[in-house]
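Below is one structure, written out as C-alpha cells; comments come after it.
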Amino acid sequence: MIRNIPFYASILLLLTSSHIVCQVNTSKKETLSEIDYGNLTHWAAHPDKRDNADLIPGSDALAQDKLEADVFFIHPTIYKEKGKNLPWNPNIKDSVLNTQVDNSTIKFQASAFNAAGRVFAPRYRQAHLRSFHTDDKASAKKAFAIAYADVKNAFEHYLKYYNNGRPVIIASHSQGTTHAAPLIKEFFDGTPLQQQLVAAYLIGMPVTKEYFKTIWPCESADGLNCTISWRTFKQGYIPDDRPLGDSILVTNPLSWKIDTTYVAKTKNKGAVFRDFDKVLPRRVDAQVHNGILWANKPRFPWSFLLRRKNYHIADINFYYVNIRENAKHRVEKWLEARN
C-alpha cells in the first residue's frame, strides 16, 4: 500500500503532464518559442562536442565517441535561484545557469553513463525548484509542461537525426525523472521503439512498478527493456513527507535486484563526490525498504550530507562506479541478444 496519497498524486500529475501548454505564468503571459536542438549550444552534452559528460573520474582519458549505443540523460533541478518574481522557467540562454548545469549534474551524473553510450543531454527550460512545493499548482503544472515540451522536442530531434536504430538508455534524476517517465510512456511503452530500450534509470523520484503497461522493472543486472529506480535515505529513517509502499519500484544499485536483501558496502565499487578525480570504494551500502533505499551514514569528506537523513542529492554519486559498469554491461547484453 502507498502512504501519503496527496503527495504521491501530485507526483503522478507531473509524470503524466504530456499535454503541453507552452506559456509562462508571468504578467505578460509570454508565449514560448520552440528550442532549436539543431544548435549544439542547446545541448549540455552531445557527441559532436566535448563536454563534461565525456569526463572519467580519476583519469585523464575521455569517453569514447564510437560506442554502439546512446544515452539520453535528463538532468535534475539546478534552477534554484532565490528572489521575488522569478520566472517559473529560465531562459535557455542563461549562461550562469548553464554553467552550473555543466559543472554539477553533467559532470557528476551524466558522466556515469559514458562507458555505455554516446551521451545526449538537452538543455531545457526546467521548472524552478519552488514548483515542487508551491500552493500555486496551476503555475507549477505549466512550468513542468514547458520543461517536458523541451525534453520531448530534444528527444524527437535525437530520434530523427542520431538514433538510426541504435540501442538507447534513458537516464534521469529528480526533476529529470518527472519528464523521463512520461517520455518513455509516450515513445517506448508498447511501441516498436521499445525493443531499442536497453534500460531506463529513473532515479530520485517515486515510480510505481506498474506505471508502464508493457515495460517491467529490471530484476537483475542483466535485464533489458526494463526500468530501474531508487531514492536514498539514511538507514532506519522513514520520511513522513514522501510516498512509501511496496508498489513503488526500488532497485538496489549494488545487487540490481528489487528484493529487500541487505548488500554491504564491500560491494560498492566506488562513489564520486566533490573531488571528481577521486573514486571512493566501499563507502556506502544499500537495502530496499518499504518503497525507498536505505544506506548507512557514509564515511567520506562531505560533511553537510552527513547531517542529513535524506540522501537524494547523492542518489547517483553514492553508487557511481556500479552504475557505470551496469549500464555498460546491459548494453553489451543487448548487443549480444541482437547479434
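Each chain in the C-alpha cells gets a letter, A, B and so on, in the order shown; residues start at 1 in every chain, and ligands are counted from 1 in the order they appear.
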Would you write out, as CSV, a table of all residues in segment 137-254 of chain A that have an atom no more than 9 Å from an atom of segment 36-57 of chain A, listing for each the closest atom pair and the distance in Å to one decimal, considering only C-alpha atoms and ordering rows by chain and rising residue number?
residue,atom,partner,partner_atom,distance
A:Asn153,CA,A:Tyr37,CA,7.7
A:Ala154,CA,A:Tyr37,CA,5.9
A:His157,CA,A:Tyr37,CA,6.6
A:Tyr158,CA,A:Tyr37,CA,8.6
Save out the residues we just selected, all heavy atoms, as a PDB file, in the first residue's frame.
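Below is the file that was written, part12.pdb:
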ATOM      1  N   ASN A 153      10.884  17.635 -27.409  1.00  0.00           N
ATOM      2  CA  ASN A 153      11.411  18.202 -28.641  1.00  0.00           C
ATOM      3  C   ASN A 153      12.841  17.727 -28.881  1.00  0.00           C
ATOM      4  O   ASN A 153      13.213  17.335 -29.993  1.00  0.00           O
ATOM      5  CB  ASN A 153      11.351  19.729 -28.548  1.00  0.00           C
ATOM      6  CG  ASN A 153      11.863  20.426 -29.793  1.00  0.00           C
ATOM      7  OD1 ASN A 153      11.989  19.835 -30.846  1.00  0.00           O
ATOM      8  ND2 ASN A 153      12.173  21.712 -29.650  1.00  0.00           N
ATOM      9  N   ALA A 154      13.656  17.744 -27.814  1.00  0.00           N
ATOM     10  CA  ALA A 154      15.046  17.302 -27.933  1.00  0.00           C
ATOM     11  C   ALA A 154      15.121  15.818 -28.284  1.00  0.00           C
ATOM     12  O   ALA A 154      15.939  15.397 -29.113  1.00  0.00           O
ATOM     13  CB  ALA A 154      15.787  17.572 -26.623  1.00  0.00           C
ATOM     14  N   HIS A 157      14.279  15.261 -31.873  1.00  0.00           N
ATOM     15  CA  HIS A 157      15.428  15.652 -32.710  1.00  0.00           C
ATOM     16  C   HIS A 157      16.470  14.540 -32.706  1.00  0.00           C
ATOM     17  O   HIS A 157      17.017  14.181 -33.763  1.00  0.00           O
ATOM     18  CB  HIS A 157      16.025  16.955 -32.173  1.00  0.00           C
ATOM     19  CG  HIS A 157      17.181  17.455 -32.979  1.00  0.00           C
ATOM     20  ND1 HIS A 157      17.028  18.298 -34.071  1.00  0.00           N
ATOM     21  CD2 HIS A 157      18.517  17.225 -32.869  1.00  0.00           C
ATOM     22  CE1 HIS A 157      18.208  18.562 -34.588  1.00  0.00           C
ATOM     23  NE2 HIS A 157      19.138  17.916 -33.879  1.00  0.00           N
ATOM     24  N   TYR A 158      16.731  13.999 -31.511  1.00  0.00           N
ATOM     25  CA  TYR A 158      17.683  12.891 -31.408  1.00  0.00           C
ATOM     26  C   TYR A 158      17.235  11.702 -32.264  1.00  0.00           C
ATOM     27  O   TYR A 158      18.030  11.115 -33.011  1.00  0.00           O
ATOM     28  CB  TYR A 158      17.840  12.472 -29.942  1.00  0.00           C
ATOM     29  CG  TYR A 158      18.336  11.059 -29.791  1.00  0.00           C
ATOM     30  CD1 TYR A 158      19.671  10.734 -30.042  1.00  0.00           C
ATOM     31  CD2 TYR A 158      17.454  10.020 -29.452  1.00  0.00           C
ATOM     32  CE1 TYR A 158      20.115   9.413 -29.950  1.00  0.00           C
ATOM     33  CE2 TYR A 158      17.887   8.711 -29.358  1.00  0.00           C
ATOM     34  CZ  TYR A 158      19.217   8.419 -29.601  1.00  0.00           C
ATOM     35  OH  TYR A 158      19.653   7.118 -29.521  1.00  0.00           O
TER      36      TYR A 158
END
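Here the strand (DSSP E) residues in segment 206-336 of chain A, by DSSP on the backbone, are A:Trp216, A:Pro217, A:Cys226, A:Thr227, A:Ile228, A:Thr232, A:Phe233, A:Lys234, A:Ala271, A:Val272, A:Val279, A:Leu280, A:Gln287, A:Val288, A:His289, A:Ile292, A:Leu293, A:Trp294, A:Ala295.
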Surrounding residues of Gly236 of chain A excluding itself and chain neighbours under 2 positions, 10 Å, only C-alpha atoms, as an MDAnalysis selection string: chainID A and resid 233:234 238:239 289 294:296 309
Export, as an mmCIF file, in the first residue's frame, the selected residues with all heavy atoms.
data_model
loop_
_atom_site.group_PDB
_atom_site.id
_atom_site.type_symbol
_atom_site.label_atom_id
_atom_site.label_comp_id
_atom_site.auth_asym_id
_atom_site.auth_seq_id
_atom_site.Cartn_x
_atom_site.Cartn_y
_atom_site.Cartn_z
ATOM 1 N N PHE A 233 17.811 7.188 1.418
ATOM 2 C CA PHE A 233 17.656 7.803 2.732
ATOM 3 C C PHE A 233 18.557 7.085 3.735
ATOM 4 O O PHE A 233 18.992 5.955 3.493
ATOM 5 C CB PHE A 233 16.202 7.714 3.209
ATOM 6 C CG PHE A 233 15.235 8.517 2.378
ATOM 7 C CD1 PHE A 233 14.668 7.972 1.228
ATOM 8 C CD2 PHE A 233 14.896 9.806 2.743
ATOM 9 C CE1 PHE A 233 13.774 8.710 0.457
ATOM 10 C CE2 PHE A 233 13.999 10.552 1.977
ATOM 11 C CZ PHE A 233 13.445 10.006 0.841
ATOM 12 N N LYS A 234 18.806 7.726 4.850
ATOM 13 C CA LYS A 234 19.622 7.139 5.906
ATOM 14 C C LYS A 234 18.953 5.882 6.447
ATOM 15 O O LYS A 234 17.747 5.854 6.664
ATOM 16 C CB LYS A 234 19.834 8.147 7.032
ATOM 17 C CG LYS A 234 20.729 7.643 8.154
ATOM 18 C CD LYS A 234 20.908 8.706 9.217
ATOM 19 C CE LYS A 234 21.766 8.193 10.365
ATOM 20 N NZ LYS A 234 21.938 9.228 11.431
ATOM 21 N N ILE A 238 12.414 6.817 8.207
ATOM 22 C CA ILE A 238 11.183 6.708 7.431
ATOM 23 C C ILE A 238 10.643 8.116 7.186
ATOM 24 O O ILE A 238 10.143 8.763 8.108
ATOM 25 C CB ILE A 238 10.108 5.878 8.171
ATOM 26 C CG1 ILE A 238 10.625 4.487 8.512
ATOM 27 C CG2 ILE A 238 8.836 5.795 7.328
ATOM 28 C CD1 ILE A 238 10.877 3.609 7.319
ATOM 29 N N PRO A 239 10.762 8.648 5.988
ATOM 30 C CA PRO A 239 10.273 10.006 5.724
ATOM 31 C C PRO A 239 8.750 10.062 5.832
ATOM 32 O O PRO A 239 8.057 9.153 5.379
ATOM 33 C CB PRO A 239 10.748 10.284 4.301
ATOM 34 C CG PRO A 239 10.888 8.934 3.675
ATOM 35 C CD PRO A 239 11.321 8.016 4.778
ATOM 36 N N HIS A 289 13.772 -0.875 1.306
ATOM 37 C CA HIS A 289 12.849 -0.941 2.450
ATOM 38 C C HIS A 289 11.615 -0.080 2.197
ATOM 39 O O HIS A 289 11.712 1.147 2.103
ATOM 40 C CB HIS A 289 13.537 -0.470 3.736
ATOM 41 C CG HIS A 289 12.628 -0.493 4.933
ATOM 42 N ND1 HIS A 289 12.386 -1.635 5.660
ATOM 43 C CD2 HIS A 289 11.880 0.488 5.514
ATOM 44 C CE1 HIS A 289 11.535 -1.366 6.637
ATOM 45 N NE2 HIS A 289 11.211 -0.087 6.569
ATOM 46 N N TRP A 294 17.591 2.355 1.635
ATOM 47 C CA TRP A 294 18.303 2.729 2.854
ATOM 48 C C TRP A 294 19.804 2.593 2.649
ATOM 49 O O TRP A 294 20.280 1.649 2.005
ATOM 50 C CB TRP A 294 17.888 1.830 4.005
ATOM 51 C CG TRP A 294 16.689 2.326 4.770
ATOM 52 C CD1 TRP A 294 16.032 3.503 4.601
ATOM 53 C CD2 TRP A 294 16.015 1.630 5.836
ATOM 54 N NE1 TRP A 294 14.986 3.600 5.494
ATOM 55 C CE2 TRP A 294 14.953 2.475 6.257
ATOM 56 C CE3 TRP A 294 16.191 0.404 6.453
ATOM 57 C CZ2 TRP A 294 14.082 2.105 7.295
ATOM 58 C CZ3 TRP A 294 15.332 0.038 7.472
ATOM 59 C CH2 TRP A 294 14.286 0.883 7.893
ATOM 60 N N ALA A 295 20.565 3.528 3.223
ATOM 61 C CA ALA A 295 22.023 3.456 3.228
ATOM 62 C C ALA A 295 22.518 3.943 4.584
ATOM 63 O O ALA A 295 22.004 4.932 5.125
ATOM 64 C CB ALA A 295 22.617 4.323 2.116
ATOM 65 N N ASN A 296 23.469 3.240 5.175
ATOM 66 C CA ASN A 296 24.059 3.702 6.421
ATOM 67 C C ASN A 296 24.855 4.976 6.191
ATOM 68 O O ASN A 296 25.285 5.266 5.066
ATOM 69 C CB ASN A 296 24.969 2.622 7.007
ATOM 70 C CG ASN A 296 24.193 1.584 7.791
ATOM 71 O OD1 ASN A 296 23.597 1.894 8.816
ATOM 72 N ND2 ASN A 296 24.184 0.346 7.295
ATOM 73 N N LYS A 309 19.343 13.161 6.616
ATOM 74 C CA LYS A 309 18.759 11.823 6.565
ATOM 75 C C LYS A 309 18.212 11.520 5.173
ATOM 76 O O LYS A 309 17.953 10.367 4.857
ATOM 77 C CB LYS A 309 17.655 11.702 7.611
ATOM 78 C CG LYS A 309 18.166 11.830 9.047
ATOM 79 C CD LYS A 309 17.044 11.712 10.058
ATOM 80 C CE LYS A 309 17.590 11.847 11.478
ATOM 81 N NZ LYS A 309 16.503 11.752 12.493
#
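The residue set within 7 Å of segment 168-181 of chain A, counting only C-alpha atoms and dropping same-chain residues fewer than 3 places from it, reads A:Leu14, A:Leu15, A:Ala69, A:Asp70, A:Val71, A:Phe72, A:Phe73, A:Ile74, A:His75, A:Pro76, A:Thr77, A:Tyr148, A:Ile184, A:Lys185, A:Gln196, A:Leu197, A:Val198, A:Ala199, A:Ala200, A:Tyr201, A:Leu202, A:Ile203, A:Gly204, A:Met205.
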Could you state the separation of atom CA of Pro206 of chain A and atom CA of Gly245 of chain A in Å, given to one decimal place? 10.1 Å
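Excluding Glu336 of chain A and any residue on its chain fewer than 3 positions from it, the residues at most 12 Å away by only C-alpha atoms are Glu68, Pro167, Val198, Asp222, Leu224, His329, Arg330, Val331, Glu332, Lys333 and Asn339 of chain A.
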Generate a file of the selected residues that holds N, CA and C atoms, formatted as a PDB file, in the first residue's frame.
ATOM      1  N   GLU A  68      28.433   1.864 -29.523  1.00  0.00           N
ATOM      2  CA  GLU A  68      27.340   1.365 -30.349  1.00  0.00           C
ATOM      3  C   GLU A  68      25.955   1.684 -29.797  1.00  0.00           C
ATOM      4  N   PRO A 167      20.563   1.096 -30.011  1.00  0.00           N
ATOM      5  CA  PRO A 167      20.001   0.914 -28.672  1.00  0.00           C
ATOM      6  C   PRO A 167      20.200   2.172 -27.845  1.00  0.00           C
ATOM      7  N   VAL A 198      17.426  -0.232 -23.961  1.00  0.00           N
ATOM      8  CA  VAL A 198      18.281  -1.120 -23.173  1.00  0.00           C
ATOM      9  C   VAL A 198      17.739  -1.198 -21.752  1.00  0.00           C
ATOM     10  N   ASP A 222      21.232  -8.159 -15.532  1.00  0.00           N
ATOM     11  CA  ASP A 222      21.205  -8.479 -16.957  1.00  0.00           C
ATOM     12  C   ASP A 222      19.925  -8.046 -17.657  1.00  0.00           C
ATOM     13  N   LEU A 224      16.827  -6.419 -19.613  1.00  0.00           N
ATOM     14  CA  LEU A 224      16.763  -5.487 -20.737  1.00  0.00           C
ATOM     15  C   LEU A 224      15.327  -5.014 -20.938  1.00  0.00           C
ATOM     16  N   HIS A 329      27.337  -2.965 -19.034  1.00  0.00           N
ATOM     17  CA  HIS A 329      27.019  -4.396 -19.090  1.00  0.00           C
ATOM     18  C   HIS A 329      25.687  -4.641 -19.786  1.00  0.00           C
ATOM     19  N   ARG A 330      24.681  -3.829 -19.488  1.00  0.00           N
ATOM     20  CA  ARG A 330      23.371  -4.030 -20.120  1.00  0.00           C
ATOM     21  C   ARG A 330      23.446  -3.773 -21.631  1.00  0.00           C
ATOM     22  N   VAL A 331      24.221  -2.775 -22.035  1.00  0.00           N
ATOM     23  CA  VAL A 331      24.385  -2.541 -23.472  1.00  0.00           C
ATOM     24  C   VAL A 331      25.041  -3.750 -24.138  1.00  0.00           C
ATOM     25  N   GLU A 332      26.061  -4.305 -23.496  1.00  0.00           N
ATOM     26  CA  GLU A 332      26.722  -5.495 -24.049  1.00  0.00           C
ATOM     27  C   GLU A 332      25.739  -6.646 -24.186  1.00  0.00           C
ATOM     28  N   LYS A 333      24.877  -6.823 -23.190  1.00  0.00           N
ATOM     29  CA  LYS A 333      23.856  -7.870 -23.251  1.00  0.00           C
ATOM     30  C   LYS A 333      22.864  -7.615 -24.376  1.00  0.00           C
ATOM     31  N   ASN A 339      22.731  -9.939 -31.978  1.00  0.00           N
ATOM     32  CA  ASN A 339      23.719 -10.440 -32.951  1.00  0.00           C
ATOM     33  C   ASN A 339      23.668 -11.962 -33.076  1.00  0.00           C
TER      34      ASN A 339
END
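Among the candidates A:Ile78, A:Leu86, A:Ala271, A:Ala127, the one nearest to Ile106 of chain A when counting only C-alpha atoms is A:Ile78.
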For Asn89 of chain A: contacts at 8 Å, only C-alpha atoms, fewer than 6 positions along chain excluded, given as a list in words: Val24, Arg125, Gln126, Ala127, His128, Ala143, Ile146 and Ala147 of chain A
Dump of C-alpha atoms for the selected residues, as a compact mmCIF listing (two decimals), in the first residue's frame:
# COMPACT_ATOMS: atom_id res chain seq x y z
CA VAL A 24 4.95 31.16 -18.74
CA ARG A 125 13.64 25.18 -19.51
CA GLN A 126 13.46 23.30 -16.25
CA ALA A 127 10.79 24.17 -13.72
CA HIS A 128 12.06 26.24 -10.80
CA ALA A 143 6.21 25.14 -15.63
CA ILE A 146 7.12 23.75 -20.61
CA ALA A 147 10.06 21.68 -19.37
All residues 9 Å or closer to Ile258 of chain A, only C-alpha atoms, same chain fewer than 4 positions away omitted, as a VMD selection string: chain A and resid 217 to 220 249 to 252 288
Mind writing the picked residues with N, CA and C atoms as a tab-separated table (two decimals), in the first residue's frame?
chain	number	residue	atom	x	y	z
A	217	PRO	N	9.84	-3.73	-14.29
A	217	PRO	CA	11.06	-3.46	-13.52
A	217	PRO	C	12.17	-4.46	-13.86
A	218	CYS	N	13.40	-3.99	-13.90
A	218	CYS	CA	14.55	-4.88	-14.02
A	218	CYS	C	14.69	-5.65	-12.70
A	219	GLU	N	14.95	-6.94	-12.78
A	219	GLU	CA	15.08	-7.76	-11.57
A	219	GLU	C	16.45	-8.37	-11.42
A	220	SER	N	17.36	-8.00	-12.31
A	220	SER	CA	18.74	-8.50	-12.22
A	220	SER	C	19.65	-7.53	-12.96
A	249	LEU	N	8.66	1.15	-7.20
A	249	LEU	CA	9.85	0.44	-7.66
A	249	LEU	C	11.09	0.95	-6.93
A	250	VAL	N	11.82	0.04	-6.31
A	250	VAL	CA	13.11	0.37	-5.71
A	250	VAL	C	14.11	-0.70	-6.11
A	251	THR	N	15.15	-0.28	-6.78
A	251	THR	CA	16.22	-1.17	-7.22
A	251	THR	C	17.42	-0.99	-6.32
A	252	ASN	N	18.02	-2.06	-5.88
A	252	ASN	CA	19.25	-1.98	-5.11
A	252	ASN	C	20.42	-1.84	-6.10
A	288	VAL	N	16.79	-2.22	0.15
A	288	VAL	CA	15.45	-1.79	-0.20
A	288	VAL	C	14.55	-1.93	1.03
